[in-house]
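First up is the structure itself, then whatever we jot down about it.
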Amino acid sequence: MKFTHYRLGYVRAGAIVVVTLRGSAANVRLMDQSNFNSYKSGRSHNYYGGLIKSSPVRLRVPRSGTWHVTVDLIGLRGSVRSSIRVIQ
């Protein structure tokens with residue numbers, strides 16, 4: 001499985017993760033450490049986000065902890081470039 005990974009490290013609850021896409025629509029997932037491990041292994045996982053067709057997207061971090069963002073084209077065609085920033 002091919003994806004772009006951003007390790008955010010420790011982020012406080014309420015912070016906003018801004019994901020900017022250039023190119024095709026893409027799947028954007030904000031996940032905690034446990035769910036990211038499941039995602040990498042192809043297992044069922046929970047996330048915030050989903051199919052993003054317009055950019056930028058703003059995702060609120062629901063609780064403090066270690067967070068990851070992935071961007072992928074699973075089930076989609078095209079190519080995409082991405083960037084992120086965290087607003088505390």
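So you can find residues: chains in the structure tokens are A, B, ... in the order shown, residues in each start at 1, and ligands are numbered from 1 in order.
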
Subject >> Non-local contacts of region 36-46 of chain A (9 Å; only C-alpha atoms; under 3 positions in same chain excluded) as an MDAnalysis selection string >> reply: chainID A and resid 1 29:33 67:70

Saved selection, atoms kept: all heavy atoms, as a compact mmCIF listing (two decimals), in the first residue's frame:
```
# COMPACT_ATOMS: atom_id res chain seq x y z
N MET A 1 0.85 -1.17 0.00
CA MET A 1 0.00 0.00 0.00
C MET A 1 0.90 1.24 0.00
O MET A 1 1.82 1.35 0.79
CB MET A 1 -0.90 -0.04 1.24
CG MET A 1 -1.61 1.23 1.52
SD MET A 1 -2.82 1.18 2.85
CE MET A 1 -2.02 0.31 4.15
N ARG A 29 -6.53 10.80 6.29
CA ARG A 29 -6.90 10.17 7.56
C ARG A 29 -6.04 10.73 8.70
O ARG A 29 -4.82 10.72 8.61
CB ARG A 29 -6.67 8.66 7.50
CG ARG A 29 -7.41 7.98 6.36
CD ARG A 29 -6.90 6.55 6.19
NE ARG A 29 -7.12 6.08 4.85
CZ ARG A 29 -8.01 5.15 4.51
NH1 ARG A 29 -8.75 4.58 5.43
NH2 ARG A 29 -8.13 4.80 3.25
N LEU A 30 -6.71 11.19 9.73
CA LEU A 30 -6.06 11.60 10.97
C LEU A 30 -6.29 10.48 11.96
O LEU A 30 -7.44 10.14 12.27
CB LEU A 30 -6.67 12.92 11.48
CG LEU A 30 -6.25 13.39 12.87
CD1 LEU A 30 -4.76 13.75 12.89
CD2 LEU A 30 -7.11 14.56 13.32
N MET A 31 -5.18 9.89 12.45
CA MET A 31 -5.29 8.70 13.32
C MET A 31 -4.35 8.79 14.51
O MET A 31 -3.26 9.35 14.40
CB MET A 31 -4.90 7.44 12.53
CG MET A 31 -5.78 7.14 11.34
SD MET A 31 -5.12 5.81 10.31
CE MET A 31 -3.99 6.75 9.28
N ASP A 32 -4.77 8.17 15.60
CA ASP A 32 -3.87 8.03 16.74
C ASP A 32 -2.90 6.88 16.45
O ASP A 32 -2.98 6.22 15.42
CB ASP A 32 -4.64 7.82 18.04
CG ASP A 32 -5.50 6.57 18.06
OD1 ASP A 32 -5.29 5.66 17.23
OD2 ASP A 32 -6.40 6.49 18.92
N GLN A 33 -1.96 6.65 17.37
CA GLN A 33 -0.91 5.66 17.13
C GLN A 33 -1.46 4.25 16.89
O GLN A 33 -1.04 3.55 15.97
CB GLN A 33 0.08 5.63 18.31
CG GLN A 33 1.27 4.72 18.09
CD GLN A 33 2.17 5.23 16.98
OE1 GLN A 33 2.61 6.37 17.01
NE2 GLN A 33 2.47 4.39 16.00
N TRP A 67 -0.29 11.72 17.13
CA TRP A 67 -1.18 11.66 15.97
C TRP A 67 -0.39 11.53 14.67
O TRP A 67 0.76 11.94 14.58
CB TRP A 67 -2.07 12.90 15.93
CG TRP A 67 -3.07 12.86 17.02
CD1 TRP A 67 -2.92 13.37 18.28
CD2 TRP A 67 -4.34 12.23 16.99
NE1 TRP A 67 -4.02 13.08 19.04
CE2 TRP A 67 -4.92 12.40 18.26
CE3 TRP A 67 -5.06 11.55 16.01
CZ2 TRP A 67 -6.18 11.91 18.58
CZ3 TRP A 67 -6.32 11.07 16.33
CH2 TRP A 67 -6.86 11.25 17.60
N HIS A 68 -1.08 10.94 13.68
CA HIS A 68 -0.52 10.72 12.35
C HIS A 68 -1.55 11.16 11.31
O HIS A 68 -2.76 11.02 11.54
CB HIS A 68 -0.22 9.24 12.12
CG HIS A 68 0.75 8.67 13.09
ND1 HIS A 68 2.09 8.56 12.82
CD2 HIS A 68 0.59 8.19 14.35
CE1 HIS A 68 2.71 8.03 13.85
NE2 HIS A 68 1.81 7.80 14.80
N VAL A 69 -1.07 11.65 10.18
CA VAL A 69 -1.93 11.93 9.03
C VAL A 69 -1.39 11.12 7.86
O VAL A 69 -0.18 11.07 7.63
CB VAL A 69 -1.93 13.43 8.66
CG1 VAL A 69 -2.66 13.68 7.35
CG2 VAL A 69 -2.57 14.25 9.78
N THR A 70 -2.31 10.47 7.14
CA THR A 70 -1.92 9.79 5.90
C THR A 70 -2.76 10.35 4.75
O THR A 70 -3.89 10.78 4.94
CB THR A 70 -2.12 8.27 5.97
OG1 THR A 70 -3.51 7.98 6.19
CG2 THR A 70 -1.27 7.65 7.09
```

**OP:** List every residue of chain A that DSSP, applied to the backbone of this structure, assigns to alpha helix (DSSP H), and report them as a list in words.
**Re:**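 The residues of chain A classed as alpha helix (DSSP H) are Gln33, Ser34, Asn35, Phe36, Asn37, Ser38, Tyr39 and Lys40 of chain A.
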
Original post:
Near Asp72 (chain A), within 8 Å and counting only C-alpha atoms, which residues show up once chain neighbours fewer than 4 positions away are dropped, as an MDAnalysis selection string?
Top reply: chainID A and resid 2:4 26:28

For the residues in the current selection, export N, CA and C atoms as a short mmCIF file (atom, residue, chain, number, x, y, z; two decimals), in the first residue's frame.
```cif
data_model
loop_
_atom_site.label_atom_id
_atom_site.label_comp_id
_atom_site.auth_asym_id
_atom_site.auth_seq_id
_atom_site.Cartn_x
_atom_site.Cartn_y
_atom_site.Cartn_z
N LYS A 2 0.60 2.16 -0.88
CA LYS A 2 1.39 3.37 -1.03
C LYS A 2 0.63 4.55 -0.42
N PHE A 3 1.29 5.31 0.45
CA PHE A 3 0.67 6.47 1.08
C PHE A 3 1.74 7.45 1.54
N THR A 4 1.32 8.69 1.72
CA THR A 4 2.19 9.70 2.31
C THR A 4 1.86 9.77 3.79
N ALA A 26 -8.25 12.82 -2.73
CA ALA A 26 -7.49 11.79 -2.02
C ALA A 26 -8.17 11.46 -0.71
N ASN A 27 -7.79 10.32 -0.16
CA ASN A 27 -8.22 9.91 1.17
C ASN A 27 -7.25 10.51 2.19
N VAL A 28 -7.79 11.27 3.13
CA VAL A 28 -6.98 11.89 4.18
C VAL A 28 -7.47 11.33 5.51
#
```

Subject >> region 55-63 of chain A environment, 8 Å, only C-alpha atoms, sequence neighbours closer than 4 positions dropped, as a ChimeraX atom specification >> reply: /A:11-22,30,48-49

**OP:** Apply DSSP to the structure's backbone, then extract all residues of chain A labelled strand (DSSP E or B) and return them as a PyMOL selection string.
**Re:** chain A and resi 3-11+16-23+26-32+48-52+57-60+65-72+80-87

Original post:
Hey, can you check how far CA of Val86 (chain A) sits from CA of Tyr47 (chain A)?
Top reply: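 It comes out at 17.0 Å.
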